[in-house]
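Asker: Before anything else, here's the structure in question.
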Amino acid sequence: MGTFRKQYDTQAEAIITPCVFITTDQLRRLRTDSAVWDTGSTATIISSRLAKQLNAKAYSKGSMSGIGGEAEGDTYLLHVLLPTGDAVTYVEVYETPLEDYDAIIGMDLITLGNMHLDSIGGKTTFTFSLPDRA
Amino acid sequence: METTKIKKATSSRCRVVSAKVKLSGNPAKPKSEVMSVEDFERRLEDGNI
């Protein structure tokens with residue numbers, strides 16, 4: 001399994017990487033360069049804009065509670081291609097309007113691998129790798 | 001006449017992302033698997049996903 005490393009010239013405000021989302025029914029795919037890695041999110045979330053562009057069919061209903069209060073919304077079943085060069089199939093993601101990002105990579109995906117954050121000399125380096133699976 | 005100068009406060013926008021998400025919990029949901037993109041594309045072509 002692969003390793004992804006991103007080095008920032010300064011102290012990073014957020015870890016933002018590319019990511020590809022693929023619908024499980026029509027296999028429509030969309031790449032975004034604006035997926036933020038967030039250990040504060042229990043699940044992976046896509047923006048309403050991304051869901052619309054994917055023309056994804058809702059899978060079920062979910063709910064979210066966080067800084068902005070509580071809300072209910074649609075969930076989608078998607079394949080996710082991570083920047084490590086790995087794919088995670090059939091990930092149920094939650095949709096909500098997001099202003100700043102196209103997607104939030106949540107703990108459901110983060111805990112599949114090893115995440116490392118270095119801040120040597122005021123420069124942030126983000127590393128994520130997935131262990132080999134027998 | 002006394003003039004009071006008010007210093008304009010500068011602020012930076014703080015973005016906070018925190019979300020506790022409850023999903024469907026559907027037991028019939030297909031199981032998630034992790035694989036290389038190459039394996040994924042091959043299995044997709046073979047109709048195994």
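Scheme for the structure tokens: letters A, B, ... for chains in order shown; per-chain residue numbers from 1; ligand numbers from 1 in order shown.
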Can you work out which residues from chain A touch chain B at a cut-off of 9 Å (counting only C-alpha atoms) and hand them back as a PyMOL selection string?

Answerer: chain A and resi 1-2+24+38-45+59-68+75+77+79+81-82+84-94+100+104+106+112+130+133

Asker: Once you have the residues from the selection above, write them out as a short mmCIF file (atom, residue, chain, number, x, y, z; two decimals), in the first residue's frame, restricted to C-alpha atoms.

Answerer:
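Final file, selection03.cif:
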```cif
data_model
loop_
_atom_site.label_atom_id
_atom_site.label_comp_id
_atom_site.auth_asym_id
_atom_site.auth_seq_id
_atom_site.Cartn_x
_atom_site.Cartn_y
_atom_site.Cartn_z
CA MET A 1 0.00 0.00 0.00
CA GLY A 2 1.14 3.54 -0.71
CA THR A 24 -20.98 3.01 -6.87
CA ASP A 38 -10.14 16.27 9.94
CA THR A 39 -9.72 14.17 13.05
CA GLY A 40 -12.69 16.08 14.49
CA SER A 41 -15.07 14.45 12.04
CA THR A 42 -16.24 10.93 12.80
CA ALA A 43 -17.11 10.21 9.17
CA THR A 44 -16.23 11.40 5.69
CA ILE A 45 -18.34 14.24 4.36
CA TYR A 59 -28.16 5.97 -0.32
CA SER A 60 -29.79 6.73 3.00
CA LYS A 61 -30.32 9.42 5.61
CA GLY A 62 -27.91 10.50 8.30
CA SER A 63 -27.46 13.21 10.85
CA MET A 64 -24.64 15.40 12.00
CA SER A 65 -23.97 17.38 15.13
CA GLY A 66 -21.08 19.77 15.38
CA ILE A 67 -20.06 23.40 15.66
CA GLY A 68 -22.92 24.51 13.43
CA THR A 75 -25.76 9.91 2.69
CA LEU A 77 -22.26 5.22 -1.05
CA HIS A 79 -15.66 4.55 -3.71
CA LEU A 81 -9.41 7.01 -4.14
CA LEU A 82 -6.93 8.36 -1.64
CA THR A 84 -1.71 7.29 -1.39
CA GLY A 85 -2.75 5.45 -4.56
CA ASP A 86 -5.20 3.29 -2.66
CA ALA A 87 -8.91 2.79 -3.07
CA VAL A 88 -11.51 2.30 -0.36
CA THR A 89 -14.72 0.78 -1.66
CA TYR A 90 -18.29 1.38 -0.51
CA VAL A 91 -17.71 4.26 1.87
CA GLU A 92 -20.91 5.78 3.21
CA VAL A 93 -20.40 9.55 3.25
CA TYR A 94 -22.60 12.33 4.57
CA ASP A 100 -14.40 26.07 2.29
CA ILE A 104 -13.78 16.25 4.69
CA GLY A 106 -12.99 11.82 8.50
CA LEU A 112 -7.43 2.87 8.19
CA LEU A 130 -1.82 2.48 4.54
CA ARG A 133 -2.85 -6.10 4.05
#
```

Asker: DSSP on the backbone: which residues in stretch 9-105 of chain A end up as helix (DSSP H, G or I)? Give the answer as number ranges by chain.

Answerer: A: 48-54

Asker: Write the residues of the preceding selection, restricted to C-alpha atoms, as a PDB file, in the first residue's frame.

Answerer:
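In the end it all went to selection05.pdb:
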```pdb
ATOM      1  CA  SER A  48     -23.568  19.487  -1.552  1.00  0.00           C
ATOM      2  CA  ARG A  49     -21.800  21.001  -4.555  1.00  0.00           C
ATOM      3  CA  LEU A  50     -19.697  17.850  -5.039  1.00  0.00           C
ATOM      4  CA  ALA A  51     -22.719  15.571  -4.594  1.00  0.00           C
ATOM      5  CA  LYS A  52     -24.545  17.561  -7.274  1.00  0.00           C
ATOM      6  CA  GLN A  53     -21.596  17.455  -9.665  1.00  0.00           C
ATOM      7  CA  LEU A  54     -21.333  13.687  -9.150  1.00  0.00           C
TER       8      LEU A  54
END
```

Asker: Go ahead and compute the interatomic distance for atom CA of A:Tyr76 and atom CA of A:Phe21, in Å to one decimal.

Answerer: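 These two atoms are separated by 10.6 Å.
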
Asker: Report the distance between atom CA of A:Asp132 and atom CA of A:Phe4 in Å, rounded to one decimal place.

Answerer: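 We find that atom CA of A:Asp132 and atom CA of A:Phe4 lie 14.3 Å from each other.
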
Asker: Pick out the residues sitting within 7 Å of A:Ser119, and hand them over as number ranges by chain; count only C-alpha atoms, and ignore anything fewer than 5 positions along from it in its own chain.

Answerer: A: 11, 124-125
